[in-house]
file upload-v9.txt (compact mmCIF, C-alpha atoms)
# COMPACT_ATOMS: atom_id res chain seq x y z
CA MET A 1 10.91 -28.37 -24.13
CA PRO A 2 8.58 -27.36 -21.29
CA GLU A 3 4.86 -27.23 -21.86
CA PRO A 4 3.60 -23.66 -22.22
CA VAL A 5 1.56 -22.58 -19.20
CA ARG A 6 -2.09 -22.48 -20.18
CA TRP A 7 -5.05 -21.01 -18.33
CA THR A 8 -7.12 -24.12 -17.78
CA HIS A 9 -9.34 -23.24 -14.82
CA HIS A 10 -10.14 -20.31 -12.56
CA GLU A 11 -9.67 -21.87 -9.13
CA PRO A 12 -6.15 -20.40 -8.61
CA LEU A 13 -7.54 -16.89 -9.21
CA ARG A 14 -10.48 -17.52 -6.88
CA TRP A 15 -8.07 -18.84 -4.27
CA ALA A 16 -5.73 -15.84 -4.60
CA LEU A 17 -8.63 -13.45 -3.90
CA PHE A 18 -9.74 -15.74 -1.05
CA GLY A 19 -6.23 -15.57 0.40
CA ALA A 20 -6.06 -11.79 0.13
CA GLY A 21 -9.47 -11.57 1.82
CA GLY A 22 -8.32 -13.82 4.65
CA VAL A 23 -5.42 -11.46 5.33
CA MET A 24 -7.74 -8.43 5.20
CA ALA A 25 -10.18 -10.12 7.61
CA ALA A 26 -7.38 -10.63 10.14
CA TRP A 27 -5.55 -7.32 9.65
CA VAL A 28 -8.41 -4.87 9.00
CA LEU A 29 -11.80 -6.40 9.84
CA MET A 30 -10.82 -7.85 13.22
CA PRO A 31 -9.33 -4.52 14.46
CA LEU A 32 -12.59 -2.82 13.40
CA VAL A 33 -14.64 -5.39 15.34
CA VAL A 34 -12.40 -4.92 18.39
CA VAL A 35 -12.50 -1.10 18.37
CA LEU A 36 -16.05 -0.51 17.08
CA GLY A 37 -17.73 -3.59 18.53
CA VAL A 38 -15.96 -3.97 21.89
CA LEU A 39 -13.78 -0.99 22.93
CA MET A 40 -16.40 1.62 21.96
CA PRO A 41 -19.28 0.01 23.94
CA LEU A 42 -16.87 -0.42 26.88
CA GLY A 43 -16.19 3.33 26.83
CA VAL A 44 -12.48 2.96 26.04
CA VAL A 45 -12.86 4.62 22.64
CA SER A 46 -15.04 7.63 21.76
CA ALA A 47 -18.62 6.95 20.65
CA GLU A 48 -18.93 10.45 19.14
CA PRO A 49 -20.40 10.18 15.63
CA GLU A 50 -18.17 13.10 14.52
CA ALA A 51 -14.97 11.20 15.40
CA TRP A 52 -16.11 8.07 13.55
CA ALA A 53 -17.48 10.01 10.58
CA ALA A 54 -14.16 11.83 10.20
CA ALA A 55 -12.22 8.55 10.22
CA ILE A 56 -14.55 6.60 7.89
CA GLY A 57 -14.97 9.55 5.52
CA SER A 58 -11.26 10.37 5.30
CA PRO A 59 -9.34 9.36 2.14
CA THR A 60 -7.41 6.76 4.18
CA GLY A 61 -10.56 5.35 5.74
CA ARG A 62 -12.38 5.14 2.42
CA ALA A 63 -9.40 3.57 0.64
CA VAL A 64 -8.91 0.92 3.35
CA LEU A 65 -12.61 0.01 3.37
CA ALA A 66 -12.81 -0.02 -0.44
CA VAL A 67 -9.94 -2.53 -0.63
CA ALA A 68 -10.56 -4.64 2.47
CA LEU A 69 -14.33 -5.16 2.50
CA PRO A 70 -14.79 -6.55 -1.06
CA LEU A 71 -11.87 -8.93 -0.47
CA CYS A 72 -13.44 -10.01 2.83
CA LEU A 73 -16.77 -10.63 1.05
CA TRP A 74 -15.01 -12.72 -1.60
CA HIS A 75 -13.17 -14.65 1.13
CA ALA A 76 -16.48 -15.44 2.83
CA ALA A 77 -18.15 -16.42 -0.46
CA HIS A 78 -15.29 -18.86 -1.20
CA ARG A 79 -15.61 -20.52 2.21
CA VAL A 80 -19.41 -20.64 2.04
CA TYR A 81 -19.29 -22.16 -1.45
CA HIS A 82 -16.83 -24.86 -0.44
CA GLY A 83 -18.75 -25.36 2.81
CA LEU A 84 -21.83 -26.37 0.78
CA HIS A 85 -19.98 -29.55 -0.14
CA ASP A 86 -19.19 -30.25 3.53
CA LEU A 87 -22.88 -29.86 4.37
CA GLN A 88 -23.87 -32.12 1.43
CA LEU A 89 -25.80 -29.30 -0.22
CA PRO A 90 -26.00 -28.87 -4.00
CA ARG A 91 -23.28 -26.73 -5.54
CA GLY A 92 -23.58 -26.62 -9.28
CA ARG A 93 -22.62 -23.89 -11.69
CA TRP A 94 -25.63 -21.71 -10.82
CA VAL A 95 -25.15 -22.02 -7.08
CA ARG A 96 -21.52 -21.02 -7.56
CA ALA A 97 -22.51 -18.04 -9.68
CA ALA A 98 -25.04 -16.99 -7.02
CA VAL A 99 -22.59 -17.25 -4.09
CA TYR A 100 -19.63 -15.46 -5.69
CA GLY A 101 -22.00 -13.16 -7.57
CA ALA A 102 -23.57 -11.98 -4.30
CA ALA A 103 -20.10 -10.96 -3.08
CA VAL A 104 -19.41 -9.09 -6.32
CA VAL A 105 -22.79 -7.31 -6.32
CA ALA A 106 -22.40 -6.29 -2.66
CA SER A 107 -18.90 -5.03 -3.43
CA VAL A 108 -20.02 -2.92 -6.39
CA VAL A 109 -22.92 -1.45 -4.38
CA GLY A 110 -20.51 -0.80 -1.49
CA TRP A 111 -17.99 0.89 -3.78
CA GLY A 112 -20.79 3.15 -4.92
CA TRP A 113 -21.55 4.12 -1.30
CA ILE A 114 -17.86 4.63 -0.47
CA GLY A 115 -17.38 6.66 -3.64
CA SER A 116 -20.37 8.90 -2.92
CA LEU A 117 -18.74 9.93 0.40
CA GLY A 118 -16.01 11.64 -1.62
CA GLY A 119 -18.60 14.08 -2.94
CA MET B 1 -31.04 -56.71 -14.22
CA SER B 2 -29.62 -53.44 -13.11
CA ARG B 3 -26.96 -53.13 -10.54
CA GLU B 4 -27.44 -50.98 -7.48
CA PRO B 5 -25.50 -47.72 -7.84
CA TYR B 6 -22.91 -47.24 -5.13
CA ALA B 7 -24.21 -44.68 -2.67
CA PRO B 8 -21.60 -43.76 -0.09
CA SER B 9 -23.31 -43.07 3.21
CA MET B 10 -22.14 -40.18 5.28
CA PRO B 11 -24.22 -38.61 7.99
CA ARG B 12 -24.92 -34.98 7.25
CA ALA B 13 -23.55 -33.99 10.66
CA TRP B 14 -20.35 -35.99 10.09
CA PHE B 15 -18.21 -33.12 11.37
CA LEU B 16 -19.61 -33.37 14.91
CA ARG B 17 -17.86 -36.67 15.54
CA ARG B 18 -14.30 -35.47 16.05
CA ALA B 19 -12.92 -32.42 17.81
CA SER B 20 -10.63 -31.61 14.86
CA GLU B 21 -13.59 -31.73 12.46
CA ARG B 22 -15.71 -29.57 14.76
CA ARG B 23 -12.88 -27.02 14.84
CA TYR B 24 -12.65 -27.18 11.05
CA MET B 25 -16.35 -26.43 10.59
CA LEU B 26 -16.23 -23.66 13.19
CA ARG B 27 -13.28 -22.15 11.31
CA GLU B 28 -15.24 -22.29 8.06
CA ALA B 29 -18.22 -20.74 9.89
CA SER B 30 -16.03 -17.74 10.77
CA SER B 31 -16.65 -16.65 7.17
CA LEU B 32 -20.25 -15.86 8.18
CA ALA B 33 -18.94 -13.34 10.72
CA VAL B 34 -16.57 -11.95 8.07
CA ALA B 35 -19.43 -11.52 5.59
CA GLY B 36 -21.81 -10.14 8.21
CA TRP B 37 -19.39 -7.51 9.48
CA SER B 38 -18.31 -6.51 5.98
CA LEU B 39 -21.93 -5.90 5.00
CA HIS B 40 -22.57 -4.14 8.31
CA LEU B 41 -19.64 -1.76 7.72
CA LEU B 42 -20.72 -1.05 4.13
CA TRP B 43 -24.18 -0.26 5.52
CA GLY B 44 -22.50 2.14 7.95
CA VAL B 45 -20.87 3.91 5.01
CA ARG B 46 -24.29 4.21 3.37
CA CYS B 47 -25.72 5.65 6.62
CA LEU B 48 -22.85 8.15 6.78
CA GLY B 49 -23.67 9.25 3.25
CA ALA B 50 -27.37 9.54 4.15
CA GLY B 51 -26.76 12.11 6.89
CA PRO B 52 -25.78 12.65 10.54
CA GLU B 53 -28.95 11.12 12.05
CA PRO B 54 -28.84 7.75 10.26
CA PHE B 55 -25.11 7.52 10.96
CA ALA B 56 -25.56 8.31 14.68
CA ALA B 57 -28.29 5.64 14.87
CA TRP B 58 -26.02 3.10 13.12
CA LEU B 59 -23.17 3.89 15.50
CA ALA B 60 -25.41 3.73 18.59
CA GLY B 61 -26.50 0.21 17.59
CA HIS B 62 -23.11 -1.08 18.72
CA THR B 63 -23.85 -0.18 22.34
CA HIS B 64 -27.23 -1.97 22.30
CA PRO B 65 -27.08 -5.34 24.14
CA VAL B 66 -27.93 -7.19 20.89
CA GLY B 67 -25.12 -5.32 19.13
CA VAL B 68 -22.67 -6.16 21.91
CA ALA B 69 -23.69 -9.84 21.77
CA LEU B 70 -23.27 -10.00 17.97
CA SER B 71 -19.91 -8.21 18.16
CA SER B 72 -18.64 -10.58 20.87
CA LEU B 73 -19.71 -13.60 18.84
CA SER B 74 -18.08 -12.12 15.72
CA LEU B 75 -14.88 -11.37 17.60
CA GLY B 76 -14.64 -14.97 18.82
CA LEU B 77 -15.03 -16.29 15.27
CA LEU B 78 -12.58 -13.70 13.88
CA LEU B 79 -10.00 -14.65 16.51
CA LEU B 80 -10.37 -18.27 15.40
CA HIS B 81 -10.02 -17.14 11.78
CA ALA B 82 -6.87 -15.12 12.47
CA ALA B 83 -5.28 -17.78 14.69
CA THR B 84 -5.77 -20.50 12.07
CA TRP B 85 -4.98 -18.18 9.15
CA PHE B 86 -1.62 -17.09 10.55
CA VAL B 87 -0.66 -20.73 11.11
CA ILE B 88 -1.39 -21.48 7.44
CA THR B 89 0.39 -18.35 6.14
CA PRO B 90 4.01 -19.61 6.48
CA LYS B 91 2.93 -22.86 4.82
CA VAL B 92 1.50 -21.30 1.66
CA LEU B 93 4.30 -18.75 1.22
CA PRO B 94 7.68 -19.80 -0.23
CA GLN B 95 9.46 -21.72 2.54
CA VAL B 96 12.90 -21.44 0.95
CA VAL B 97 14.09 -18.02 -0.26
CA ALA B 98 17.55 -17.61 -1.88
CA GLY B 99 18.46 -21.12 -0.80
CA ARG B 100 17.69 -20.48 2.87
CA ARG B 101 14.80 -21.84 4.91
CA VAL B 102 12.41 -19.13 6.12
CA PRO B 103 11.50 -19.74 9.78
CA ALA B 104 7.73 -19.90 10.38
CA LEU B 105 7.51 -18.51 13.90
CA PRO B 106 8.64 -14.91 13.14
CA MET B 107 6.03 -14.80 10.36
CA VAL B 108 3.24 -15.84 12.73
CA VAL B 109 4.38 -13.36 15.37
CA GLY B 110 4.76 -10.65 12.74
CA ALA B 111 1.25 -11.26 11.39
CA TRP B 112 -0.24 -10.92 14.88
CA ALA B 113 1.86 -7.78 15.41
CA VAL B 114 0.21 -6.21 12.35
CA THR B 115 -3.28 -6.98 13.73
CA VAL B 116 -2.36 -5.47 17.12
CA ALA B 117 -0.74 -2.43 15.48
CA VAL B 118 -3.80 -1.74 13.30
CA THR B 119 -6.09 -2.10 16.34
CA VAL B 120 -4.01 0.34 18.40
CA ALA B 121 -3.72 2.77 15.47
CA LEU B 122 -7.50 2.73 14.90
CA ALA B 123 -8.27 3.24 18.60
CA TRP B 124 -5.72 6.10 18.64
CA TRP B 125 -7.26 7.65 15.55
CA ILE B 126 -10.79 7.67 16.99
CA GLY B 127 -9.51 8.82 20.37
CA ALA B 128 -10.65 8.43 23.97
CA PRO B 129 -14.15 9.55 24.98
CA ASP B 130 -14.47 13.09 26.32
CA ALA B 131 -14.38 13.06 30.10

call {"tool": "encode", "arguments": {"input": "upload-v9.txt", "output": "structure tokens"}}
result
Amino acid sequence: MPEPVRWTHHEPLRWALFGAGGVMAAWVLMPLVVVLGVLMPLGVVSAEPEAWAAAIGSPTGRAVLAVALPLCLWHAAHRVYHGLHDLQLPRGRWVRAAVYGAAVVASVVGWGWIGSLGG
Amino acid sequence: MSREPYAPSMPRAWFLRRASERRYMLREASSLAVAGWSLHLLWGVRCLGAGPEPFAAWLAGHTHPVGVALSSLSLGLLLLHAATWFVITPKVLPQVVAGRRVPALPMVVGAWAVTVAVTVALAWWIGAPDA
């Protein structure tokens, strides 16, 4: 008889969110850096605030940002936390709570800002 | 008489020794660009909510030389992130589906195609500058 699957530790969940964030960083964040950070300064794409405000404030824009950015923040927190070990820095329970907690707090604050655009 | 505890010695900058380890640490450092840009974009949303002037100032920051330099640096790190991430993707997904091996190359190409498609779609959405 197979052993019942038991929830023994949280690392698989943390890794799943990390993985989702890695995909969002490549599929959503990088295009934003290319268009907003490179093509706009080069004059290829409009720098009119109205055009950008319409896109960011649209339901699609807000939904994409609300999903992608918190996952990206979690992804970064996961890599930073594991990077502490590579740099021989302390990484106990409280450091872990601070690193992942910062991503969660920033996400909740960000959701508030995105939500307030809906008016 | 106490015995000396075993203290493994490892220089703190161990990752500088080999090219593969330098690439590894640079890849991990790409997360700083990911975090920085995510926070920057959330701040842009806050500026948009605060009114037209703060949002215009936030947007204009991208054309400042410092903004351009930070964006270029971020893009380099994000390219490294995407390139390494898409190589890992076929390895962490099921490699055999319905008894057949799933080839890795189409997955890597497909993942890049999504990035390119989103970039083109976003540029299209914002539109070209007025002549």

call {"tool": "interface_residues", "arguments": {"input": "upload-v9.txt", "of": "chain B", "to": "chain A", "cutoff": "8 Å", "atoms": "only C-alpha atoms", "output": "ChimeraX atom specification"}}
result
/B:12-13,28-29,31-32,34-35,37-39,42-43,45-46,48-49,52,55-56,59-60,62-63,67-68,71-72,74-75,78-79,81-82,85,114-116,118-119,122-123,125-130

call {"tool": "atom_distance", "arguments": {"input": "upload-v9.txt", "atom1": "CA of Leu73 (chain B)", "atom2": "CA of Arg27 (chain B)"}}
result
13.1 Å

call {"tool": "closest_residue", "arguments": {"input": "upload-v9.txt", "among": "A:Val5, A:Val67, A:Leu13, A:Ala98", "to": "Tyr81 (chain A)", "atoms": "all atoms listed in the file"}}
result
A:Ala98

call {"tool": "atom_distance", "arguments": {"input": "upload-v9.txt", "atom1": "CA of Ala104 (chain B)", "atom2": "CA of Ala83 (chain B)"}}
result
13.9 Å

call {"tool": "atom_distance", "arguments": {"input": "upload-v9.txt", "atom1": "CA of Trp124 (chain B)", "atom2": "CA of Ser58 (chain A)"}}
result
15.1 Å

call {"tool": "closest_residue", "arguments": {"input": "upload-v9.txt", "among": "A:Thr60, A:His85, A:Val104, A:Arg96", "to": "Glu11 (chain A)", "atoms": "only C-alpha atoms"}}
result
A:Arg96

call {"tool": "build_atoms", "arguments": {"input": "upload-v9.txt", "residues": "region 88-99 of chain B", "atoms": "all heavy atoms", "output": "CSV table (one decimal), keeping the file's coordinate frame"}}
result
chain,number,residue,atom,x,y,z
B,88,ILE,N,-1.5,-21.0,8.8
B,88,ILE,CA,-1.4,-21.5,7.4
B,88,ILE,C,-0.4,-20.6,6.6
B,88,ILE,O,0.3,-21.1,5.8
B,88,ILE,CB,-2.8,-21.4,6.8
B,88,ILE,CG1,-3.8,-22.4,7.5
B,88,ILE,CG2,-2.7,-21.8,5.3
B,88,ILE,CD1,-5.2,-22.2,7.1
B,89,THR,N,-0.4,-19.3,7.0
B,89,THR,CA,0.4,-18.4,6.1
B,89,THR,C,1.8,-18.8,5.8
B,89,THR,O,2.2,-18.8,4.7
B,89,THR,CB,0.4,-17.0,6.8
B,89,THR,OG1,-1.0,-16.6,7.1
B,89,THR,CG2,1.1,-15.9,6.0
B,90,PRO,N,2.6,-19.2,6.8
B,90,PRO,CA,4.0,-19.6,6.5
B,90,PRO,C,4.0,-20.9,5.6
B,90,PRO,O,5.0,-21.1,4.9
B,90,PRO,CB,4.7,-19.9,7.8
B,90,PRO,CG,3.7,-19.4,8.9
B,90,PRO,CD,2.4,-19.3,8.3
B,91,LYS,N,2.9,-21.6,5.6
B,91,LYS,CA,2.9,-22.9,4.8
B,91,LYS,C,2.6,-22.6,3.4
B,91,LYS,O,3.0,-23.4,2.5
B,91,LYS,CB,1.9,-23.9,5.4
B,91,LYS,CG,2.3,-24.3,6.8
B,91,LYS,CD,1.3,-25.2,7.5
B,91,LYS,CE,1.8,-25.6,8.9
B,91,LYS,NZ,0.8,-26.2,9.6
B,92,VAL,N,1.8,-21.6,3.1
B,92,VAL,CA,1.5,-21.3,1.7
B,92,VAL,C,2.5,-20.3,1.0
B,92,VAL,O,2.5,-20.2,-0.2
B,92,VAL,CB,0.0,-20.8,1.5
B,92,VAL,CG1,-0.9,-21.8,2.0
B,92,VAL,CG2,-0.1,-19.4,2.2
B,93,LEU,N,3.3,-19.6,1.8
B,93,LEU,CA,4.3,-18.8,1.2
B,93,LEU,C,5.6,-19.6,0.9
B,93,LEU,O,5.7,-20.7,1.5
B,93,LEU,CB,4.6,-17.6,2.2
B,93,LEU,CG,3.5,-16.6,2.4
B,93,LEU,CD1,3.8,-15.5,3.4
B,93,LEU,CD2,3.1,-15.9,1.1
B,94,PRO,N,6.4,-19.1,0.1
B,94,PRO,CA,7.7,-19.8,-0.2
B,94,PRO,C,8.4,-20.1,1.1
B,94,PRO,O,8.7,-19.2,1.9
B,94,PRO,CB,8.5,-18.8,-1.1
B,94,PRO,CG,7.4,-18.0,-1.7
B,94,PRO,CD,6.3,-17.8,-0.7
B,95,GLN,N,8.8,-21.4,1.3
B,95,GLN,CA,9.5,-21.7,2.5
B,95,GLN,C,11.0,-21.7,2.4
B,95,GLN,O,11.7,-21.7,3.4
B,95,GLN,CB,9.0,-23.1,3.0
B,95,GLN,CG,7.5,-23.1,3.3
B,95,GLN,CD,7.0,-24.4,3.8
B,95,GLN,OE1,7.7,-25.3,4.2
B,95,GLN,NE2,5.7,-24.6,3.7
B,96,VAL,N,11.5,-21.6,1.2
B,96,VAL,CA,12.9,-21.4,1.0
B,96,VAL,C,13.1,-20.2,0.0
B,96,VAL,O,12.5,-20.2,-1.1
B,96,VAL,CB,13.5,-22.7,0.3
B,96,VAL,CG1,15.0,-22.5,0.1
B,96,VAL,CG2,13.3,-23.9,1.2
B,97,VAL,N,13.8,-19.2,0.5
B,97,VAL,CA,14.1,-18.0,-0.3
B,97,VAL,C,15.6,-17.9,-0.4
B,97,VAL,O,16.3,-17.9,0.6
B,97,VAL,CB,13.5,-16.8,0.4
B,97,VAL,CG1,13.9,-15.5,-0.4
B,97,VAL,CG2,11.9,-16.9,0.4
B,98,ALA,N,16.1,-17.7,-1.6
B,98,ALA,CA,17.6,-17.6,-1.9
B,98,ALA,C,18.3,-18.7,-1.2
B,98,ALA,O,19.4,-18.5,-0.6
B,98,ALA,CB,18.0,-16.2,-1.4
B,99,GLY,N,17.8,-20.0,-1.3
B,99,GLY,CA,18.5,-21.1,-0.8
B,99,GLY,C,18.4,-21.3,0.7
B,99,GLY,O,19.0,-22.2,1.3
